[in-house]
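> Enclosed is the structure file coords-v5.csv (CSV, N, CA and C atoms).
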```
chain,number,residue,atom,x,y,z
A,1,ASP,N,79.1,-68.4,50.8
A,1,ASP,CA,77.7,-68.8,51.0
A,1,ASP,C,76.8,-67.7,51.4
A,2,ASN,N,77.4,-66.7,52.1
A,2,ASN,CA,76.6,-65.5,52.6
A,2,ASN,C,76.5,-64.4,51.5
A,3,LEU,N,76.9,-64.7,50.3
A,3,LEU,CA,76.9,-63.7,49.2
A,3,LEU,C,75.7,-63.9,48.3
A,4,LYS,N,75.4,-62.9,47.5
A,4,LYS,CA,74.4,-63.0,46.4
A,4,LYS,C,75.1,-62.7,45.2
A,5,TYR,N,74.6,-63.2,44.0
A,5,TYR,CA,75.4,-63.1,42.8
A,5,TYR,C,74.5,-62.6,41.6
A,6,THR,N,75.1,-62.0,40.6
A,6,THR,CA,74.4,-61.6,39.4
A,6,THR,C,74.8,-62.4,38.2
A,7,LYS,N,74.1,-62.4,37.1
A,7,LYS,CA,74.5,-63.1,35.9
A,7,LYS,C,75.6,-62.4,35.2
A,8,ASP,N,75.9,-61.2,35.7
A,8,ASP,CA,77.1,-60.4,35.1
A,8,ASP,C,78.3,-60.7,36.0
A,9,HIS,N,78.3,-61.6,37.0
A,9,HIS,CA,79.4,-62.0,37.8
A,9,HIS,C,79.8,-61.0,38.8
A,10,GLU,N,78.9,-60.2,39.4
A,10,GLU,CA,79.2,-59.4,40.5
A,10,GLU,C,78.6,-60.1,41.8
A,11,TRP,N,79.3,-59.8,42.9
A,11,TRP,CA,78.8,-60.4,44.2
A,11,TRP,C,78.3,-59.2,45.1
A,12,LEU,N,77.5,-59.6,46.0
A,12,LEU,CA,76.9,-58.6,46.9
A,12,LEU,C,76.9,-59.2,48.3
A,13,LYS,N,77.4,-58.5,49.3
A,13,LYS,CA,77.3,-59.0,50.7
A,13,LYS,C,76.5,-58.0,51.5
A,14,VAL,N,75.3,-58.4,51.9
A,14,VAL,CA,74.4,-57.5,52.7
A,14,VAL,C,74.9,-57.4,54.1
A,15,GLU,N,75.0,-56.2,54.6
A,15,GLU,CA,75.3,-55.9,56.0
A,15,GLU,C,74.4,-54.8,56.5
A,16,GLY,N,73.2,-55.3,57.0
A,16,GLY,CA,72.2,-54.4,57.5
A,16,GLY,C,71.5,-53.7,56.3
A,17,ASP,N,71.5,-52.4,56.3
A,17,ASP,CA,71.0,-51.6,55.1
A,17,ASP,C,72.0,-51.2,54.2
A,18,GLU,N,73.2,-51.8,54.3
A,18,GLU,CA,74.3,-51.5,53.4
A,18,GLU,C,74.8,-52.8,52.7
A,19,ALA,N,75.6,-52.7,51.7
A,19,ALA,CA,76.2,-53.9,51.0
A,19,ALA,C,77.5,-53.6,50.5
A,20,LEU,N,78.4,-54.6,50.5
A,20,LEU,CA,79.7,-54.5,49.8
A,20,LEU,C,79.4,-55.2,48.4
A,21,ILE,N,80.1,-54.7,47.4
A,21,ILE,CA,80.0,-55.2,46.0
A,21,ILE,C,81.4,-55.4,45.4
A,22,GLY,N,81.5,-56.5,44.6
A,22,GLY,CA,82.7,-56.7,43.9
A,22,GLY,C,82.5,-57.7,42.8
A,23,ILE,N,83.5,-58.1,42.1
A,23,ILE,CA,83.3,-59.1,41.0
A,23,ILE,C,83.7,-60.5,41.6
A,24,THR,N,83.2,-61.5,41.0
A,24,THR,CA,83.4,-62.9,41.5
A,24,THR,C,84.8,-63.4,41.1
A,25,ASP,N,85.1,-64.5,41.8
A,25,ASP,CA,86.4,-65.2,41.5
A,25,ASP,C,86.3,-65.7,40.0
A,26,TYR,N,85.2,-66.2,39.6
A,26,TYR,CA,85.0,-66.6,38.2
A,26,TYR,C,85.3,-65.5,37.2
A,27,ALA,N,84.7,-64.3,37.5
A,27,ALA,CA,84.9,-63.1,36.6
A,27,ALA,C,86.4,-62.7,36.6
A,28,GLN,N,87.1,-62.7,37.7
A,28,GLN,CA,88.5,-62.2,37.7
A,28,GLN,C,89.3,-63.3,37.0
A,29,SER,N,89.0,-64.6,37.1
A,29,SER,CA,89.8,-65.6,36.5
A,29,SER,C,89.6,-65.6,34.9
A,30,GLU,N,88.4,-65.3,34.5
A,30,GLU,CA,88.1,-65.1,33.1
A,30,GLU,C,88.8,-63.9,32.5
A,31,LEU,N,88.8,-62.8,33.2
A,31,LEU,CA,89.5,-61.6,32.7
A,31,LEU,C,91.0,-61.8,32.6
A,32,GLY,N,91.6,-62.5,33.6
A,32,GLY,CA,93.0,-62.6,33.6
A,32,GLY,C,93.6,-61.5,34.5
A,33,ASP,N,94.8,-61.1,34.3
A,33,ASP,CA,95.5,-60.1,35.1
A,33,ASP,C,94.9,-58.8,35.0
A,34,ILE,N,94.2,-58.3,36.1
A,34,ILE,CA,93.6,-57.0,36.1
A,34,ILE,C,94.6,-56.0,36.4
A,35,ILE,N,94.7,-54.9,35.6
A,35,ILE,CA,95.7,-53.9,35.7
A,35,ILE,C,95.1,-52.5,36.0
A,36,PHE,N,93.8,-52.3,36.0
A,36,PHE,CA,93.2,-51.0,36.2
A,36,PHE,C,91.8,-51.2,36.6
A,37,ALA,N,91.3,-50.4,37.5
A,37,ALA,CA,89.9,-50.4,37.9
A,37,ALA,C,89.4,-48.9,38.0
A,38,GLU,N,88.3,-48.6,37.4
A,38,GLU,CA,87.7,-47.3,37.5
A,38,GLU,C,86.4,-47.4,38.2
A,39,LEU,N,86.3,-46.7,39.3
A,39,LEU,CA,85.1,-46.7,40.1
A,39,LEU,C,84.4,-45.4,40.3
A,40,PRO,N,83.1,-45.3,40.7
A,40,PRO,CA,82.4,-44.1,40.7
A,40,PRO,C,82.7,-43.2,41.9
A,41,ALA,N,82.2,-42.0,41.9
A,41,ALA,CA,82.4,-41.1,43.0
A,41,ALA,C,81.4,-41.5,44.2
A,42,VAL,N,81.9,-41.2,45.4
A,42,VAL,CA,81.1,-41.4,46.6
A,42,VAL,C,79.9,-40.4,46.5
A,43,GLY,N,78.7,-40.9,47.0
A,43,GLY,CA,77.6,-40.0,47.1
A,43,GLY,C,76.6,-40.1,46.0
A,44,ILE,N,76.9,-40.8,44.9
A,44,ILE,CA,76.0,-40.8,43.8
A,44,ILE,C,75.0,-42.1,43.9
A,45,MET,N,73.8,-41.9,43.4
A,45,MET,CA,72.9,-43.0,43.3
A,45,MET,C,73.1,-43.7,42.0
A,46,ILE,N,73.2,-45.1,42.1
A,46,ILE,CA,73.3,-45.9,40.8
A,46,ILE,C,72.2,-46.9,40.8
A,47,ASP,N,71.5,-47.0,39.7
A,47,ASP,CA,70.3,-47.9,39.6
A,47,ASP,C,70.8,-49.3,39.3
A,48,LYS,N,70.0,-50.2,39.7
A,48,LYS,CA,70.2,-51.7,39.5
A,48,LYS,C,70.5,-51.9,38.0
A,49,ASN,N,71.5,-52.7,37.7
A,49,ASN,CA,71.8,-53.1,36.3
A,49,ASN,C,72.6,-52.0,35.5
A,50,ASP,N,72.8,-50.8,36.1
A,50,ASP,CA,73.5,-49.8,35.4
A,50,ASP,C,75.0,-50.0,35.7
A,51,PRO,N,75.9,-49.7,34.7
A,51,PRO,CA,77.3,-49.8,34.9
A,51,PRO,C,77.8,-48.9,36.0
A,52,PHE,N,78.7,-49.3,36.9
A,52,PHE,CA,79.2,-48.4,37.9
A,52,PHE,C,80.7,-48.2,37.7
A,53,GLY,N,81.3,-49.0,36.8
A,53,GLY,CA,82.8,-48.8,36.6
A,53,GLY,C,83.3,-49.8,35.6
A,54,THR,N,84.6,-49.8,35.5
A,54,THR,CA,85.2,-50.8,34.6
A,54,THR,C,86.4,-51.4,35.2
A,55,VAL,N,86.7,-52.6,34.8
A,55,VAL,CA,88.0,-53.3,35.1
A,55,VAL,C,88.7,-53.6,33.8
A,56,GLU,N,90.0,-53.2,33.8
A,56,GLU,CA,90.8,-53.5,32.6
A,56,GLU,C,91.8,-54.6,32.9
A,57,ALA,N,91.8,-55.6,32.1
A,57,ALA,CA,92.8,-56.6,32.2
A,57,ALA,C,93.7,-56.6,31.0
A,58,VAL,N,94.7,-57.4,31.0
A,58,VAL,CA,95.6,-57.4,29.9
A,58,VAL,C,94.9,-57.7,28.6
A,59,LYS,N,93.9,-58.6,28.6
A,59,LYS,CA,93.2,-59.0,27.4
A,59,LYS,C,91.8,-58.4,27.1
A,60,ALA,N,91.3,-57.6,28.0
A,60,ALA,CA,89.9,-57.1,27.8
A,60,ALA,C,89.6,-56.0,28.8
A,61,VAL,N,88.7,-55.1,28.5
A,61,VAL,CA,88.1,-54.1,29.4
A,61,VAL,C,86.6,-54.5,29.6
A,62,SER,N,86.2,-54.6,30.8
A,62,SER,CA,84.8,-55.0,31.1
A,62,SER,C,84.1,-54.1,32.0
A,63,GLU,N,82.8,-53.8,31.7
A,63,GLU,CA,82.0,-52.9,32.6
A,63,GLU,C,81.6,-53.8,33.8
A,64,VAL,N,81.4,-53.1,34.9
A,64,VAL,CA,80.9,-53.7,36.1
A,64,VAL,C,79.5,-53.1,36.4
A,65,PHE,N,78.5,-54.0,36.7
A,65,PHE,CA,77.2,-53.5,36.8
A,65,PHE,C,76.7,-53.6,38.3
A,66,MET,N,75.8,-52.7,38.6
A,66,MET,CA,75.2,-52.6,40.0
A,66,MET,C,74.2,-53.8,40.2
A,67,PRO,N,74.4,-54.6,41.2
A,67,PRO,CA,73.4,-55.7,41.5
A,67,PRO,C,72.1,-55.2,42.0
A,68,VAL,N,72.1,-54.0,42.7
A,68,VAL,CA,70.9,-53.4,43.3
A,68,VAL,C,71.1,-51.9,43.2
A,69,THR,N,70.0,-51.2,43.4
A,69,THR,CA,70.0,-49.7,43.4
A,69,THR,C,70.5,-49.3,44.7
A,70,GLY,N,71.5,-48.3,44.7
A,70,GLY,CA,72.1,-47.9,45.9
A,70,GLY,C,72.9,-46.6,45.8
A,71,ILE,N,73.1,-46.0,46.9
A,71,ILE,CA,74.0,-44.8,47.0
A,71,ILE,C,75.4,-45.2,47.4
A,72,VAL,N,76.4,-44.8,46.7
A,72,VAL,CA,77.7,-45.1,46.9
A,72,VAL,C,78.2,-44.4,48.2
A,73,LEU,N,78.5,-45.3,49.2
A,73,LEU,CA,79.0,-44.7,50.5
A,73,LEU,C,80.5,-44.7,50.6
A,74,ALA,N,81.2,-45.7,49.9
A,74,ALA,CA,82.6,-45.8,49.9
A,74,ALA,C,83.1,-46.5,48.7
A,75,VAL,N,84.3,-46.1,48.2
A,75,VAL,CA,85.0,-46.8,47.1
A,75,VAL,C,86.3,-47.3,47.6
A,76,ASN,N,86.6,-48.5,47.3
A,76,ASN,CA,87.9,-49.1,47.7
A,76,ASN,C,89.0,-48.5,46.9
A,77,GLU,N,89.7,-47.5,47.5
A,77,GLU,CA,90.8,-46.8,46.9
A,77,GLU,C,92.0,-47.7,46.6
A,78,GLU,N,92.1,-48.7,47.5
A,78,GLU,CA,93.2,-49.6,47.3
A,78,GLU,C,93.1,-50.3,45.9
A,79,VAL,N,91.9,-50.6,45.5
A,79,VAL,CA,91.7,-51.3,44.2
A,79,VAL,C,92.0,-50.4,43.1
A,80,THR,N,91.7,-49.1,43.2
A,80,THR,CA,92.0,-48.1,42.1
A,80,THR,C,93.5,-47.9,42.0
A,81,GLU,N,94.3,-48.1,43.1
A,81,GLU,CA,95.7,-47.9,43.1
A,81,GLU,C,96.5,-49.2,42.7
A,82,LYS,N,95.9,-50.4,43.2
A,82,LYS,CA,96.6,-51.7,42.9
A,82,LYS,C,95.5,-52.6,42.5
A,83,ALA,N,95.1,-52.6,41.2
A,83,ALA,CA,93.9,-53.4,40.7
A,83,ALA,C,94.1,-54.9,40.9
A,84,GLU,N,95.4,-55.3,40.9
A,84,GLU,CA,95.7,-56.7,41.0
A,84,GLU,C,95.1,-57.4,42.3
A,85,ILE,N,94.8,-56.5,43.3
A,85,ILE,CA,94.1,-57.0,44.5
A,85,ILE,C,92.8,-57.8,44.1
A,86,ILE,N,92.1,-57.4,43.1
A,86,ILE,CA,90.9,-58.1,42.7
A,86,ILE,C,91.2,-59.5,42.3
A,87,ASN,N,92.3,-59.7,41.6
A,87,ASN,CA,92.7,-61.1,41.3
A,87,ASN,C,93.1,-61.9,42.5
A,88,GLN,N,93.8,-61.3,43.4
A,88,GLN,CA,94.3,-61.9,44.6
A,88,GLN,C,93.3,-62.3,45.6
A,89,ASP,N,92.3,-61.4,45.8
A,89,ASP,CA,91.3,-61.6,46.9
A,89,ASP,C,89.9,-60.9,46.5
A,90,PRO,N,89.2,-61.5,45.5
A,90,PRO,CA,88.0,-60.9,45.0
A,90,PRO,C,86.9,-60.7,46.0
A,91,TYR,N,86.8,-61.6,47.0
A,91,TYR,CA,85.8,-61.5,48.0
A,91,TYR,C,86.2,-60.8,49.3
A,92,GLY,N,87.4,-60.4,49.4
A,92,GLY,CA,87.9,-59.7,50.6
A,92,GLY,C,88.5,-58.4,50.3
A,93,ALA,N,89.8,-58.2,50.2
A,93,ALA,CA,90.4,-57.0,50.0
A,93,ALA,C,90.1,-56.4,48.6
A,94,GLY,N,89.6,-57.2,47.7
A,94,GLY,CA,89.3,-56.7,46.4
A,94,GLY,C,87.9,-56.2,46.2
A,95,TRP,N,87.1,-56.0,47.3
A,95,TRP,CA,85.8,-55.4,47.2
A,95,TRP,C,85.9,-54.0,46.4
A,96,MET,N,84.8,-53.6,45.8
A,96,MET,CA,84.9,-52.3,45.0
A,96,MET,C,84.1,-51.2,45.7
A,97,LEU,N,82.8,-51.5,46.0
A,97,LEU,CA,82.0,-50.4,46.6
A,97,LEU,C,81.3,-50.9,47.8
A,98,ARG,N,81.0,-49.9,48.7
A,98,ARG,CA,80.0,-50.0,49.8
A,98,ARG,C,78.9,-49.1,49.4
A,99,VAL,N,77.6,-49.7,49.4
A,99,VAL,CA,76.5,-48.9,49.1
A,99,VAL,C,75.4,-49.0,50.2
A,100,LYS,N,74.6,-47.9,50.2
A,100,LYS,CA,73.4,-48.0,51.0
A,100,LYS,C,72.3,-48.5,50.1
A,101,LEU,N,71.6,-49.5,50.6
A,101,LEU,CA,70.5,-50.1,49.7
A,101,LEU,C,69.3,-49.2,49.6
A,102,ALA,N,69.0,-48.8,48.4
A,102,ALA,CA,67.8,-47.9,48.2
A,102,ALA,C,66.5,-48.8,48.1
A,103,LYS,N,66.7,-50.0,47.6
A,103,LYS,CA,65.5,-50.9,47.5
A,103,LYS,C,66.0,-52.3,47.9
A,104,PRO,N,66.0,-52.5,49.3
A,104,PRO,CA,66.5,-53.7,49.8
A,104,PRO,C,65.8,-55.0,49.2
A,105,GLU,N,64.6,-54.9,48.8
A,105,GLU,CA,63.9,-56.0,48.2
A,105,GLU,C,64.6,-56.6,46.9
A,106,GLU,N,65.4,-55.7,46.3
A,106,GLU,CA,66.1,-56.2,45.0
A,106,GLU,C,67.1,-57.3,45.3
A,107,VAL,N,67.5,-57.4,46.5
A,107,VAL,CA,68.5,-58.5,46.9
A,107,VAL,C,67.8,-59.8,46.6
A,108,ASN,N,66.5,-59.9,46.8
A,108,ASN,CA,65.8,-61.2,46.5
A,108,ASN,C,65.9,-61.7,45.1
A,109,ASP,N,66.2,-60.7,44.2
A,109,ASP,CA,66.3,-61.1,42.7
A,109,ASP,C,67.6,-61.7,42.4
A,110,LEU,N,68.6,-61.7,43.3
A,110,LEU,CA,69.9,-62.2,43.0
A,110,LEU,C,70.0,-63.7,43.3
A,111,MET,N,71.0,-64.3,42.7
A,111,MET,CA,71.3,-65.8,42.9
A,111,MET,C,72.0,-66.0,44.2
A,112,ASP,N,71.7,-67.1,44.9
A,112,ASP,CA,72.5,-67.6,46.0
A,112,ASP,C,73.7,-68.4,45.5
A,113,ALA,N,74.6,-68.8,46.4
A,113,ALA,CA,75.8,-69.5,45.9
A,113,ALA,C,75.5,-70.7,45.1
A,114,THR,N,74.5,-71.5,45.5
A,114,THR,CA,74.2,-72.7,44.8
A,114,THR,C,73.8,-72.4,43.3
A,115,ALA,N,72.9,-71.4,43.2
A,115,ALA,CA,72.4,-71.1,41.9
A,115,ALA,C,73.5,-70.5,41.0
A,116,TYR,N,74.4,-69.7,41.6
A,116,TYR,CA,75.5,-69.1,40.9
A,116,TYR,C,76.4,-70.2,40.4
A,117,ALA,N,76.7,-71.2,41.3
A,117,ALA,CA,77.6,-72.3,40.9
A,117,ALA,C,77.0,-73.0,39.7
A,118,ALA,N,75.7,-73.3,39.7
A,118,ALA,CA,75.1,-73.9,38.6
A,118,ALA,C,75.1,-73.1,37.3
A,119,PHE,N,75.0,-71.8,37.5
A,119,PHE,CA,75.0,-70.8,36.4
A,119,PHE,C,76.3,-70.8,35.6
A,120,ILE,N,77.4,-70.9,36.3
A,120,ILE,CA,78.8,-70.8,35.7
A,120,ILE,C,79.3,-72.2,35.2
A,121,GLN,N,78.5,-73.2,35.4
A,121,GLN,CA,79.0,-74.6,35.0
A,121,GLN,C,78.9,-74.6,33.4
```
Taking this structure as input, can you express it in the form of C-alpha coordinates?


Amino acid sequence: DNLKYTKDHEWLKVEGDEALIGITDYAQSELGDIIFAELPAVGIMIDKNDPFGTVEAVKAVSEVFMPVTGIVLAVNEEVTEKAEIINQDPYGAGWMLRVKLAKPEEVNDLMDATAYAAFIQ
(Lines of atoms letter the chains of each structure in order from A and count residues from 1; the text may use other names and numbers.)
(Lines give C-alpha, C1' and ligand atoms only; values in the text may rest on other atoms or scores of the structure.)
Protein backbone atom coordinates (compact mmCIF):
# COMPACT_ATOMS: atom_id res chain seq x y z
CA ASP A 1 0.00 0.00 0.00
CA ASN A 2 2.94 2.38 0.50
CA LEU A 3 4.15 1.85 -3.07
CA LYS A 4 3.45 3.65 -6.34
CA TYR A 5 3.06 1.82 -9.65
CA THR A 6 3.49 2.34 -13.41
CA LYS A 7 1.52 0.96 -16.34
CA ASP A 8 4.71 -0.91 -17.28
CA HIS A 9 4.52 -2.81 -13.95
CA GLU A 10 7.35 -1.17 -12.04
CA TRP A 11 6.93 -0.20 -8.39
CA LEU A 12 8.49 2.71 -6.53
CA LYS A 13 8.88 3.18 -2.77
CA VAL A 14 9.66 6.76 -1.77
CA GLU A 15 12.05 7.21 1.18
CA GLY A 16 12.60 10.94 1.65
CA ASP A 17 14.31 12.28 -1.49
CA GLU A 18 15.25 8.75 -2.59
CA ALA A 19 13.28 5.80 -3.92
CA LEU A 20 13.64 2.06 -4.36
CA ILE A 21 12.48 0.65 -7.71
CA GLY A 22 11.62 -2.86 -8.85
CA ILE A 23 9.09 -4.82 -10.88
CA THR A 24 5.73 -5.85 -9.51
CA ASP A 25 4.63 -9.29 -8.42
CA TYR A 26 2.25 -9.26 -11.40
CA ALA A 27 5.15 -8.57 -13.80
CA GLN A 28 7.37 -11.31 -12.40
CA SER A 29 4.51 -13.82 -12.50
CA GLU A 30 3.73 -12.93 -16.12
CA LEU A 31 7.40 -13.29 -17.09
CA GLY A 32 7.85 -16.63 -15.36
CA ASP A 33 11.23 -17.84 -14.10
CA ILE A 34 13.64 -14.90 -14.28
CA ILE A 35 17.17 -16.04 -15.10
CA PHE A 36 19.06 -12.79 -15.73
CA ALA A 37 18.83 -9.09 -14.87
CA GLU A 38 20.87 -6.30 -16.44
CA LEU A 39 20.96 -3.04 -14.49
CA PRO A 40 22.60 0.37 -15.10
CA ALA A 41 25.77 1.83 -13.65
CA VAL A 42 25.67 3.82 -10.41
CA GLY A 43 25.86 7.60 -10.87
CA ILE A 44 23.95 8.02 -14.11
CA MET A 45 20.80 10.10 -14.53
CA ILE A 46 17.88 8.27 -16.14
CA ASP A 47 14.79 10.11 -17.36
CA LYS A 48 11.25 9.10 -16.52
CA ASN A 49 9.92 6.40 -18.90
CA ASP A 50 13.39 5.57 -20.28
CA PRO A 51 14.52 1.94 -20.06
CA PHE A 52 17.02 1.32 -17.26
CA GLY A 53 17.65 -2.37 -17.74
CA THR A 54 16.29 -5.72 -18.79
CA VAL A 55 15.03 -8.85 -17.14
CA GLU A 56 15.34 -12.12 -18.99
CA ALA A 57 13.00 -14.98 -18.25
CA VAL A 58 12.85 -18.44 -19.77
CA LYS A 59 10.13 -17.29 -22.19
CA ALA A 60 10.88 -13.58 -22.79
CA VAL A 61 13.23 -10.63 -22.38
CA SER A 62 11.60 -7.46 -21.10
CA GLU A 63 12.86 -3.91 -20.70
CA VAL A 64 12.36 -2.22 -17.34
CA PHE A 65 11.43 1.48 -17.35
CA MET A 66 12.14 4.33 -14.94
CA PRO A 67 8.99 5.44 -13.09
CA VAL A 68 10.57 8.86 -12.32
CA THR A 69 13.64 10.86 -13.32
CA GLY A 70 16.52 10.08 -11.00
CA ILE A 71 20.21 9.50 -10.40
CA VAL A 72 21.17 5.89 -9.71
CA LEU A 73 22.60 5.70 -6.17
CA ALA A 74 22.75 1.92 -5.86
CA VAL A 75 22.11 -1.22 -7.87
CA ASN A 76 21.05 -4.45 -6.21
CA GLU A 77 24.08 -6.63 -7.06
CA GLU A 78 22.35 -9.66 -5.57
CA VAL A 79 19.71 -9.45 -8.32
CA THR A 80 22.38 -9.37 -11.03
CA GLU A 81 24.00 -12.49 -9.53
CA LYS A 82 20.81 -14.41 -8.64
CA ALA A 83 17.95 -12.99 -10.72
CA GLU A 84 15.47 -15.53 -9.32
CA ILE A 85 15.28 -13.32 -6.20
CA ILE A 86 12.94 -11.11 -8.26
CA ASN A 87 10.49 -14.03 -8.51
CA GLN A 88 10.86 -14.91 -4.83
CA ASP A 89 10.56 -11.43 -3.29
CA PRO A 90 9.79 -8.70 -5.86
CA TYR A 91 8.97 -6.04 -3.23
CA GLY A 92 11.79 -6.87 -0.81
CA ALA A 93 15.10 -8.54 -1.63
CA GLY A 94 14.25 -8.30 -5.35
CA TRP A 95 14.49 -4.50 -5.54
CA MET A 96 16.58 -3.27 -8.48
CA LEU A 97 17.64 0.36 -8.03
CA ARG A 98 17.92 3.06 -5.39
CA VAL A 99 17.67 6.50 -6.96
CA LYS A 100 17.81 10.12 -5.88
CA LEU A 101 14.62 11.79 -7.09
CA ALA A 102 15.44 14.56 -9.56
CA LYS A 103 11.80 15.63 -9.95
CA PRO A 104 9.90 14.47 -6.83
CA GLU A 105 6.61 15.79 -8.24
CA GLU A 106 6.67 12.98 -10.85
CA VAL A 107 5.69 10.55 -8.08
CA ASN A 108 2.21 12.13 -8.21
CA ASP A 109 1.78 10.79 -11.78
CA LEU A 110 2.02 7.17 -10.61
CA MET A 111 -0.81 4.85 -9.56
CA ASP A 112 -1.50 3.94 -5.95
CA ALA A 113 -2.15 0.30 -4.95
CA THR A 114 -5.92 0.56 -5.55
CA ALA A 115 -5.52 2.04 -9.04
CA TYR A 116 -2.83 -0.52 -9.95
CA ALA A 117 -5.00 -3.43 -8.76
CA ALA A 118 -7.83 -2.13 -10.98
CA PHE A 119 -5.38 -1.69 -13.89
CA ILE A 120 -4.21 -5.32 -13.86
CA GLN A 121 -7.73 -6.80 -13.60

> For Thr6 in chain A, which residue out of A:Ala74, A:Asp50, A:Pro67, A:Asn87 is the nearest one, using only C-alpha atoms?

A:Pro67

> Do you know which residues are at most 7 Å from Lys59 in chain A counting all atoms listed in the file, after dropping those on the same chain fewer than 3 positions away, and could you put them as a ChimeraX atom specification?

/A:31-33,56

> Rounded to one decimal place, report the CA of Pro40 in chain A-CA of Phe52 in chain A distance in Å.

6.0 Å

> DSSP on the backbone, then: every residue of range 29-116 of chain A marked strand (DSSP E or B), written as a ChimeraX atom specification.

/A:34-38,45-46,51-57,61-65,70-75,97-101,111

> In Å, how far is it from CA of Tyr116 in chain A to atom C of Asp1 in chain A?

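About the pair CA of Tyr116 in chain A and atom C of Asp1 in chain A: they are 10.7 Å apart.
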
> Of the candidates A:Ala118, A:Ala102, A:Leu20, A:Ala37, which shows the shortest atom-to-atom distance to Gly70 in chain A, using only C-alpha atoms?

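Looking at the shortest contact to Gly70 in chain A, the residue is A:Ala102.
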
> List every protein, DNA or RNA residue that has at least one atom no more than 5 Å from (68.7, -54.4, 52.8) in the file's coordinates, counting all atoms listed in the file, and write the result as an mmCIF file with N, CA and C atoms, in the coordinates of the input.


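Just written: point39.cif:
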```cif
data_model
loop_
_atom_site.group_PDB
_atom_site.id
_atom_site.type_symbol
_atom_site.label_atom_id
_atom_site.label_comp_id
_atom_site.auth_asym_id
_atom_site.auth_seq_id
_atom_site.Cartn_x
_atom_site.Cartn_y
_atom_site.Cartn_z
ATOM 1 N N GLY A 16 73.200 -55.300 57.000
ATOM 2 C CA GLY A 16 72.200 -54.400 57.500
ATOM 3 C C GLY A 16 71.500 -53.700 56.300
ATOM 4 N N ASP A 17 71.500 -52.400 56.300
ATOM 5 C CA ASP A 17 71.000 -51.600 55.100
ATOM 6 C C ASP A 17 72.000 -51.200 54.200
ATOM 7 N N PRO A 104 66.000 -52.500 49.300
ATOM 8 C CA PRO A 104 66.500 -53.700 49.800
ATOM 9 C C PRO A 104 65.800 -55.000 49.200
#
```

> Please extract the residues of range 9-109 of chain A with a backbone DSSP assignment of helix (DSSP H, G or I) and present them as number ranges by chain.

A: 25-31, 77-81, 85-88, 104-109

> Using CA of Val72 in chain A and CA of Lys13 in chain A as the two end points, give the distance in Å to one decimal.

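Computed distance, CA of Val72 in chain A to CA of Lys13 in chain A, equals 14.4 Å.
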
> Which residue gives the smallest distance to Gly94 in chain A among A:Val79, A:Tyr5, A:Ile44, A:Val55, with only N, CA and C atoms counted?

A:Val79

> Taking all atoms listed in the file into account, name the residue in A:Glu63, A:Glu77, A:Glu105, A:Asp112 that is nearest to Asn2 in chain A.

A:Asp112

> A:Val68, A:Pro51, A:Phe36, A:Val61: which is nearest Leu12 in chain A, counting all atoms listed in the file?

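Of the candidates, the smallest distance to Leu12 in chain A is held by A:Val68.
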
> Taking into account all atoms listed in the file, which residue in the set A:Ile34, A:Leu3, A:Val42, A:Glu18 is nearest to Gln88 in chain A?

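Ranking A:Ile34, A:Leu3, A:Val42, A:Glu18 by distance to Gln88 in chain A, first place goes to A:Ile34.
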